[in-house]
Structures are given as structure tokens and as C-alpha cells.
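The file coords09.txt comes next; it holds compact mmCIF, C-alpha atoms.
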# COMPACT_ATOMS: atom_id res chain seq x y z
CA MET A 1 7.49 -1.41 -24.77
CA GLN A 2 8.52 2.23 -24.45
CA LEU A 3 11.14 3.94 -22.34
CA GLU A 4 10.13 6.97 -20.27
CA VAL A 5 12.70 8.96 -18.30
CA ALA A 6 12.04 11.43 -15.50
CA VAL A 7 14.26 14.49 -16.01
CA GLN A 8 14.45 17.96 -14.56
CA ASP A 9 16.35 20.00 -17.14
CA PRO A 10 17.32 20.23 -20.83
CA ALA A 11 20.57 18.35 -20.24
CA GLY A 12 18.66 15.40 -18.81
CA ALA A 13 16.19 15.51 -21.70
CA ALA A 14 19.03 15.49 -24.23
CA THR A 15 20.63 12.53 -22.45
CA ALA A 16 17.31 10.66 -22.57
CA ARG A 17 16.82 11.54 -26.24
CA ASP A 18 20.30 10.37 -27.18
CA ALA A 19 19.77 7.10 -25.28
CA GLY A 20 16.71 6.37 -27.39
CA ALA A 21 14.00 7.21 -24.85
CA ASP A 22 10.51 7.60 -26.26
CA ARG A 23 9.55 10.53 -24.03
CA VAL A 24 10.49 12.34 -20.85
CA GLU A 25 8.51 13.25 -17.78
CA LEU A 26 9.70 16.71 -16.84
CA CYS A 27 9.72 17.53 -13.12
CA ALA A 28 11.32 20.00 -10.80
CA ALA A 29 12.71 18.84 -7.44
CA LEU A 30 13.16 15.16 -8.23
CA ASP A 31 14.60 14.75 -4.74
CA LEU A 32 11.10 15.60 -3.42
CA GLY A 33 9.39 13.16 -5.74
CA GLY A 34 8.88 15.78 -8.43
CA LEU A 35 7.05 19.11 -8.58
CA THR A 36 5.69 21.29 -11.38
CA PRO A 37 8.58 22.89 -13.29
CA SER A 38 8.63 26.50 -14.44
CA ILE A 39 7.17 27.38 -17.82
CA ALA A 40 10.62 28.58 -18.96
CA MET A 41 12.00 25.13 -18.12
CA VAL A 42 9.17 23.42 -20.00
CA GLU A 43 9.88 25.54 -23.07
CA ALA A 44 13.60 24.74 -22.91
CA VAL A 45 12.99 20.99 -22.63
CA VAL A 46 10.39 20.99 -25.41
CA ALA A 47 13.07 22.60 -27.58
CA THR A 48 15.28 19.48 -27.23
CA GLY A 49 12.90 17.69 -29.58
CA ILE A 50 11.88 14.72 -27.43
CA PRO A 51 8.18 14.40 -26.51
CA VAL A 52 7.72 16.08 -23.13
CA HIS A 53 5.09 15.14 -20.56
CA VAL A 54 5.05 17.61 -17.68
CA LEU A 55 4.39 16.64 -14.08
CA VAL A 56 1.75 18.87 -12.49
CA ARG A 57 2.16 18.67 -8.72
CA PRO A 58 2.10 21.94 -6.78
CA ARG A 59 3.75 20.76 -3.58
CA ALA A 60 5.51 17.89 -1.89
CA GLY A 61 3.65 15.45 0.33
CA GLY A 62 0.47 13.58 -0.48
CA PHE A 63 -2.13 13.97 -3.18
CA ARG A 64 -5.18 15.36 -1.32
CA TYR A 65 -5.56 18.75 -2.94
CA SER A 66 -7.72 21.69 -1.92
CA ALA A 67 -9.93 23.50 -4.41
CA THR A 68 -7.33 26.28 -4.53
CA GLU A 69 -4.57 23.79 -5.36
CA VAL A 70 -6.67 22.18 -8.10
CA SER A 71 -7.33 25.62 -9.58
CA LEU A 72 -3.59 26.30 -9.53
CA MET A 73 -2.91 23.00 -11.34
CA VAL A 74 -5.53 23.82 -13.97
CA ARG A 75 -3.83 27.15 -14.65
CA ASP A 76 -0.43 25.43 -14.83
CA ILE A 77 -1.77 22.94 -17.37
CA GLU A 78 -3.26 25.71 -19.50
CA ALA A 79 0.17 27.37 -19.63
CA ILE A 80 1.91 24.05 -20.31
CA VAL A 81 -0.37 23.38 -23.28
CA ASP A 82 0.80 26.65 -24.84
CA THR A 83 4.46 25.49 -24.74
CA GLY A 84 3.83 22.61 -27.14
CA ALA A 85 4.35 19.89 -24.55
CA ALA A 86 3.00 16.50 -25.62
CA GLY A 87 1.12 15.85 -22.39
CA VAL A 88 0.79 16.22 -18.64
CA VAL A 89 1.14 13.86 -15.71
CA ILE A 90 -1.42 14.32 -12.93
CA GLY A 91 -3.00 12.72 -9.90
CA ALA A 92 -5.41 13.62 -7.12
CA LEU A 93 -6.99 11.73 -4.24
CA THR A 94 -9.89 12.43 -1.90
CA ALA A 95 -9.59 12.72 1.86
CA ASP A 96 -10.25 8.98 2.21
CA ASP A 97 -7.59 8.12 -0.37
CA THR A 98 -9.78 7.25 -3.32
CA LEU A 99 -9.49 8.77 -6.79
CA ASP A 100 -10.65 12.39 -6.82
CA ARG A 101 -12.62 12.12 -10.07
CA HIS A 102 -13.84 15.71 -9.93
CA ALA A 103 -10.28 17.06 -9.76
CA LEU A 104 -9.02 14.59 -12.35
CA LYS A 105 -11.74 15.63 -14.81
CA ALA A 106 -10.89 19.30 -14.36
CA LEU A 107 -7.20 18.62 -14.95
CA ARG A 108 -7.92 16.39 -17.94
CA ASP A 109 -10.13 19.02 -19.53
CA ALA A 110 -7.47 21.71 -19.05
CA ALA A 111 -5.06 19.60 -21.14
CA GLU A 112 -7.18 20.29 -24.25
CA GLY A 113 -6.63 16.91 -25.86
CA ARG A 114 -2.97 16.45 -24.95
CA GLU A 115 -2.09 13.05 -23.53
CA VAL A 116 -2.87 12.76 -19.83
CA SER A 117 -1.07 10.26 -17.62
CA VAL A 118 -1.71 9.51 -13.95
CA HIS A 119 1.30 9.19 -11.68
CA ARG A 120 2.02 6.94 -8.73
CA CYS A 121 -0.76 8.38 -6.60
CA VAL A 122 -2.41 5.06 -7.56
CA ASP A 123 0.19 3.27 -5.44
CA VAL A 124 -1.27 4.93 -2.34
CA LEU A 125 -4.64 3.29 -2.96
CA ALA A 126 -5.70 0.18 -1.07
CA ASP A 127 -6.22 -1.58 -4.42
CA PRO A 128 -4.35 -0.07 -7.38
CA VAL A 129 -5.98 -2.61 -9.71
CA ALA A 130 -9.43 -1.18 -8.96
CA ALA A 131 -8.28 2.25 -10.16
CA VAL A 132 -7.52 1.06 -13.69
CA ARG A 133 -11.03 0.94 -15.09
CA PRO A 134 -12.24 4.34 -13.80
CA LEU A 135 -9.05 5.99 -15.06
CA ALA A 136 -9.54 4.41 -18.49
CA GLU A 137 -13.11 5.73 -18.49
CA LEU A 138 -11.77 9.23 -17.79
CA GLY A 139 -9.66 9.03 -20.95
CA ILE A 140 -6.32 8.67 -19.17
CA VAL A 141 -3.70 7.45 -21.65
CA ARG A 142 -1.32 5.73 -19.22
CA ILE A 143 -0.86 4.93 -15.54
CA LEU A 144 2.56 4.97 -13.88
CA THR A 145 2.77 2.41 -11.09
CA SER A 146 5.05 0.29 -8.95
CA GLY A 147 2.16 -2.01 -8.12
CA GLY A 148 1.78 -0.36 -4.73
CA ALA A 149 5.27 -1.38 -3.59
CA ALA A 150 8.31 0.70 -2.73
CA ARG A 151 10.11 -0.98 -5.63
CA VAL A 152 8.44 -2.15 -8.81
CA ALA A 153 10.19 -5.52 -8.58
CA ASP A 154 8.23 -6.18 -5.38
CA GLY A 155 4.95 -5.06 -6.93
CA ALA A 156 5.31 -6.93 -10.23
CA ALA A 157 2.40 -9.28 -9.54
CA THR A 158 0.06 -6.34 -8.95
CA VAL A 159 1.40 -4.61 -12.05
CA ALA A 160 0.50 -7.72 -14.07
CA ARG A 161 -3.03 -7.62 -12.64
CA MET A 162 -3.30 -3.96 -13.61
CA VAL A 163 -2.28 -4.82 -17.17
CA ALA A 164 -5.01 -7.47 -17.29
CA ALA A 165 -7.57 -5.02 -15.89
CA ALA A 166 -6.59 -2.40 -18.49
CA GLU A 167 -7.66 -4.64 -21.39
CA GLY A 168 -5.66 -2.43 -23.72
CA ARG A 169 -7.72 0.69 -22.96
CA VAL A 170 -5.01 2.41 -20.93
CA GLY A 171 -1.28 1.86 -20.89
CA ILE A 172 0.42 0.56 -17.76
CA VAL A 173 3.92 1.95 -17.27
CA ALA A 174 6.06 0.29 -14.59
CA GLY A 175 8.45 2.33 -12.49
CA GLY A 176 9.84 2.76 -9.02
CA GLY A 177 13.41 1.72 -8.24
CA LEU A 178 13.62 0.12 -11.68
CA THR A 179 16.80 -1.79 -12.59
CA PRO A 180 17.74 -3.50 -15.87
CA ALA A 181 17.15 -6.87 -14.21
CA ASP A 182 13.49 -5.95 -13.62
CA VAL A 183 12.69 -5.25 -17.26
CA PRO A 184 12.24 -8.77 -18.71
CA ALA A 185 9.62 -9.79 -16.14
CA LEU A 186 7.75 -6.54 -16.63
CA ALA A 187 7.83 -7.04 -20.37
CA ALA A 188 6.41 -10.52 -19.90
CA ALA A 189 3.62 -9.00 -17.79
CA GLY A 190 2.62 -6.87 -20.77
CA VAL A 191 3.43 -3.36 -19.55
CA THR A 192 3.42 -0.73 -22.28
CA GLY A 193 6.49 1.01 -20.90
CA VAL A 194 9.05 1.33 -18.14
CA HIS A 195 9.95 4.49 -16.27
CA LEU A 196 13.07 5.53 -14.39
CA ALA A 197 14.85 8.65 -13.26
CA ALA A 198 18.38 7.24 -13.77
CA ARG A 199 19.50 9.60 -11.07
CA GLY A 200 23.09 10.51 -10.41
CA TRP A 201 24.29 13.29 -8.16
CA THR A 202 26.58 16.23 -8.71
CA GLU A 203 27.99 18.82 -6.34
CA ASP A 204 28.24 22.54 -6.84
CA ALA A 205 29.73 25.22 -4.60
CA GLY A 206 27.56 24.13 -1.69
CA PRO A 207 24.77 25.70 0.35
CA ALA A 208 24.85 29.33 1.37
CA GLY A 209 25.04 28.78 5.10
CA PRO A 210 22.35 27.33 7.40
CA GLY A 211 19.11 26.73 5.55
CA GLY A 212 20.80 26.92 2.17
CA GLY A 213 20.07 23.32 1.28
CA PRO A 214 22.30 20.41 0.35
CA ALA A 215 25.49 20.75 -1.67
CA THR A 216 24.41 18.10 -4.19
CA TYR A 217 21.54 17.87 -6.66
CA PRO A 218 20.25 15.10 -8.92
CA VAL A 219 21.16 14.80 -12.59
CA THR A 220 20.38 12.23 -15.27
CA ASP A 221 23.07 9.51 -15.23
CA PRO A 222 23.77 8.43 -18.82
CA GLU A 223 25.31 5.12 -17.77
CA ALA A 224 22.34 4.06 -15.64
CA LEU A 225 19.99 5.05 -18.43
CA ALA A 226 22.03 3.25 -21.08
CA ALA A 227 21.89 0.00 -19.09
CA VAL A 228 18.08 -0.02 -19.15
CA ALA A 229 18.01 1.10 -22.80
CA ARG A 230 20.29 -1.81 -23.76
CA THR A 231 18.01 -4.29 -22.01
CA LEU A 232 14.99 -2.89 -23.81
CA ALA A 233 16.80 -2.97 -27.16
CA HIS A 234 17.64 -6.64 -26.60
CA LEU A 235 14.02 -7.46 -25.83
CA ARG A 236 12.83 -5.63 -28.94
CA THR A 237 15.05 -7.68 -31.29
Would you write the structure of this file as C-alpha cells?
Amino acid sequence: MQLEVAVQDPAGAATARDAGADRVELCAALDLGGLTPSIAMVEAVVATGIPVHVLVRPRAGGFRYSATEVSLMVRDIEAIVDTGAAGVVIGALTADDTLDRHALKALRDAAEGREVSVHRCVDVLADPVAAVRPLAELGIVRILTSGGAARVADGAATVARMVAAAEGRVGIVAGGGLTPADVPALAAAGVTGVHLAARGWTEDAGPAGPGGGPATYPVTDPEALAAVARTLAHLRT
């Protein structure tokens, strides 16, 4: 079972690497659920040496994308491929909240053989289990899910059903409010990995007046990450 860490900068990637993480999911704006980072940021995180999978999400909110937004994501992926990133993390839904297979195929193709994961857009679906087979057929390597719940601990039964539906053709990675105490049950369910942001918060000089934003921003907390890494290490022995 692998450890995946959501980070937003080289410092977070280095913390994840030093904690023994298998890969990072690089995002901007973790406080918004994650957005596509800049190409300069991708290059800097790739340089840390840990496998980097880049979130491709052009805006906050839901996952119903226009043709223009899909085109933008394709162009982002093409640029990400050139950085040497190991993969991309994508997702797209139709207006009636089903998998947007047309968009997913276009995004997959743009990745040019890099690993493609699908993010927690599956947790919006009425039945996340039903999404497993079509995503496997699209060549998706892994699916990140909380089992449709706000916290993965509450969706563990659905996660187990997704593992069974995957039949080894696509990895199921469990995440969403993950704590060390959640890991053993998820391991028993057969997930191929666990995912967390291990978020802490730091404060800088503060916002520049009204509209300047909050005075704090998220960082990767090495202690929170180490707690999960220790639990995983114990299970692996």
C-alpha cells in the first residue's frame, strides 16, 4: 500500500519525500480543494526527485467543464508532460453528474502515456462503485476516493466495494480527512494506497488590506505526515 501526499510547493514535496512517500500530487490552492499549479512550480517540484502527479483543475467549484475549459486542461497537460512529471490527476463530469467520457479521453490522450489518475469527482456521483469499471476501461491507473463521504472513515464500506469492482485493473486510493487510525481498515479493504494533505498552517505578513486574502496559508505538516507514514510502515512489516 503506497503513500500519496498532496503538496503545493517544493518544500512540501521534500517533506513528503523524506517521510518515505511514494509520490506527491502537486496542486495550487489546496485551501480551494486544489487547482492546476504553474509550470514553473511543476518544474521545481519535479526537481526534488519524488514522482510528481499534477492536478489539472482550472477553477474551483464543481467538475462540469465547458469545451473551452477542457481545451485549456489539454494544453496544461501537454505542458506538464514536457516537465518530466510522472502523471496527471484529472476528472470531469457531465451536466447530469455522470462521467464525461469524451473529456476524460481527451485529457488521457494529452498525457501521452504518463500515468493518469482520477480525483474525487467520483465522490460526487450517485454510485461511485459504478464508475470503477468505465474508468478502468479508459486506462485510468488509479482512482482517488473517500467512498462518497465527507471523510474516508465514513465511506470505508463503499471504498471496499470499489476495490472489489476494480478487480485489480485500476488502483483504488483512499483519501479525505484521513487519520492514522483509518489506515488499518483501509488496508484490510485492499486499497492500493492512501492519500492525505497533512495540512498545517503558517502566517506571513498578512493581507494587503480589504480583498487581500487571509493571513495564513497551508503547508505540509511533517508531524501529521510522519504519523501516517509510521502506521503504514508498521503494516508493511
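Among the candidates A:Ala86, A:Ala130, A:Leu104, A:Ala6, the residue lying nearest to A:Val74 is A:Leu104 (atoms considered: all atoms listed in the file).
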Who sits within 10 Å of A:Val81, only C-alpha atoms, same chain under 6 positions skipped, as a VMD selection string: chain A and resid 54 87 to 88 110 to 114
List every residue of stretch 77-146 of chain A that has an atom at most 12 Å from any atom of stretch 14-28 of chain A, and for each one report the closest atom pair and its distance in Å to one decimal, counting all atoms listed in the file, with rows sorted by chain and then by increasing residue number, as a tab-separated table.
residue	atom	partner	partner_atom	distance
A:Ile80	CA	A:Leu26	CA	11.3
A:Ala85	CA	A:Leu26	CA	9.9
A:Ala86	CA	A:Arg23	CA	9.0
A:Gly87	CA	A:Glu25	CA	9.1
A:Val88	CA	A:Glu25	CA	8.3
A:Val89	CA	A:Glu25	CA	7.7
A:Ile90	CA	A:Glu25	CA	11.1
A:Glu115	CA	A:Arg23	CA	11.9
A:Val116	CA	A:Glu25	CA	11.6
A:Ser117	CA	A:Glu25	CA	10.0
A:Val118	CA	A:Glu25	CA	11.5
A:His119	CA	A:Glu25	CA	10.3
A:Leu144	CA	A:Glu25	CA	10.9
Atom CA of A:Val170 and atom CA of A:Ala227 are how many Å apart?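 Answer for the atom CA of A:Val170 to atom CA of A:Ala227 separation: 27.1 Å.
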Set the distance at 10 Å and use all atoms listed in the file: which residues neighbour A:Val70 once local chain neighbours fewer than 4 positions away are removed? I'd like the list as a list in words.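 Near A:Val70, the qualifying residues are Arg57, Pro58, Arg64, Tyr65, Ser66, Val74, Arg75, Asp76, Ala92, His102, Ala103, Leu104, Ala106 and Leu107 of chain A.
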Could you check how far atom CA of A:Thr158 sits from atom CA of A:Val191, in Å to one decimal? 11.5 Å
Would you pick out the contacts of A:Ala181 at 9 Å or less, using only C-alpha atoms, so that residues sharing its chain but fewer than 3 positions from it are not included, and give the list as a tab-separated table (two decimals) with C-alpha atoms, in the coordinates of the input?
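Output contents, as saved in part.tsv:
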chain	number	residue	atom	x	y	z
A	178	LEU	CA	13.62	0.12	-11.68
A	184	PRO	CA	12.24	-8.77	-18.71
A	185	ALA	CA	9.62	-9.79	-16.14
A	228	VAL	CA	18.08	-0.02	-19.15
A	231	THR	CA	18.01	-4.29	-22.01
For atom CA of A:Gly177 and atom CA of A:Gly155, determine how far apart the two atoms are, in Å to one decimal place.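 These atoms are spaced 10.9 Å apart.
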What's around A:Val219 at 9 Å? Count all atoms listed in the file, leave out sequence neighbours fewer than 3 positions away in its own chain, and write the answer as number ranges by chain. A: 7-9, 11-12, 197-202
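The nearest approach to A:Ala79 among the residues A:Gly213, A:Gly91, A:Pro37, A:Pro51, with all atoms listed in the file taken into account, belongs to A:Pro37.
Of the listed residues A:Ile77, A:Asp154, A:Ile39, A:Gly34, the one whose atoms come nearest to A:Arg120 is A:Gly34, with distances taken using all atoms listed in the file.
Distances to A:Leu72 were evaluated for A:Gly84, A:Thr36, A:Ile143, A:Ala44 using all atoms listed in the file, and the minimum falls at A:Thr36.
Across A:Phe63, A:Ala149, A:Ala164, A:Pro218, the tightest approach to A:Ala29 is made by A:Pro218 when counting only C-alpha atoms.
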Do you know which residues are at most 10 Å from A:Gly168 counting only C-alpha atoms, after dropping those on the same chain fewer than 4 positions away, and could you put them as a ChimeraX atom specification? /A:136,163-164,172,190,192
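Closest approach to A:Gly147 among A:Leu35, A:Leu196, A:Val173, A:Leu30 is made by A:Val173 (distances from all atoms listed in the file).
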Neighbour residues at most 12 Å from (14.2, -7.1, -26.7) (only C-alpha atoms) as a list in words: Met1, Gln2, Pro180, Val183, Pro184, Ala185, Leu186, Ala187, Ala188, Val228, Ala229, Arg230, Thr231, Leu232, Ala233, His234, Leu235, Arg236 and Thr237 of chain A
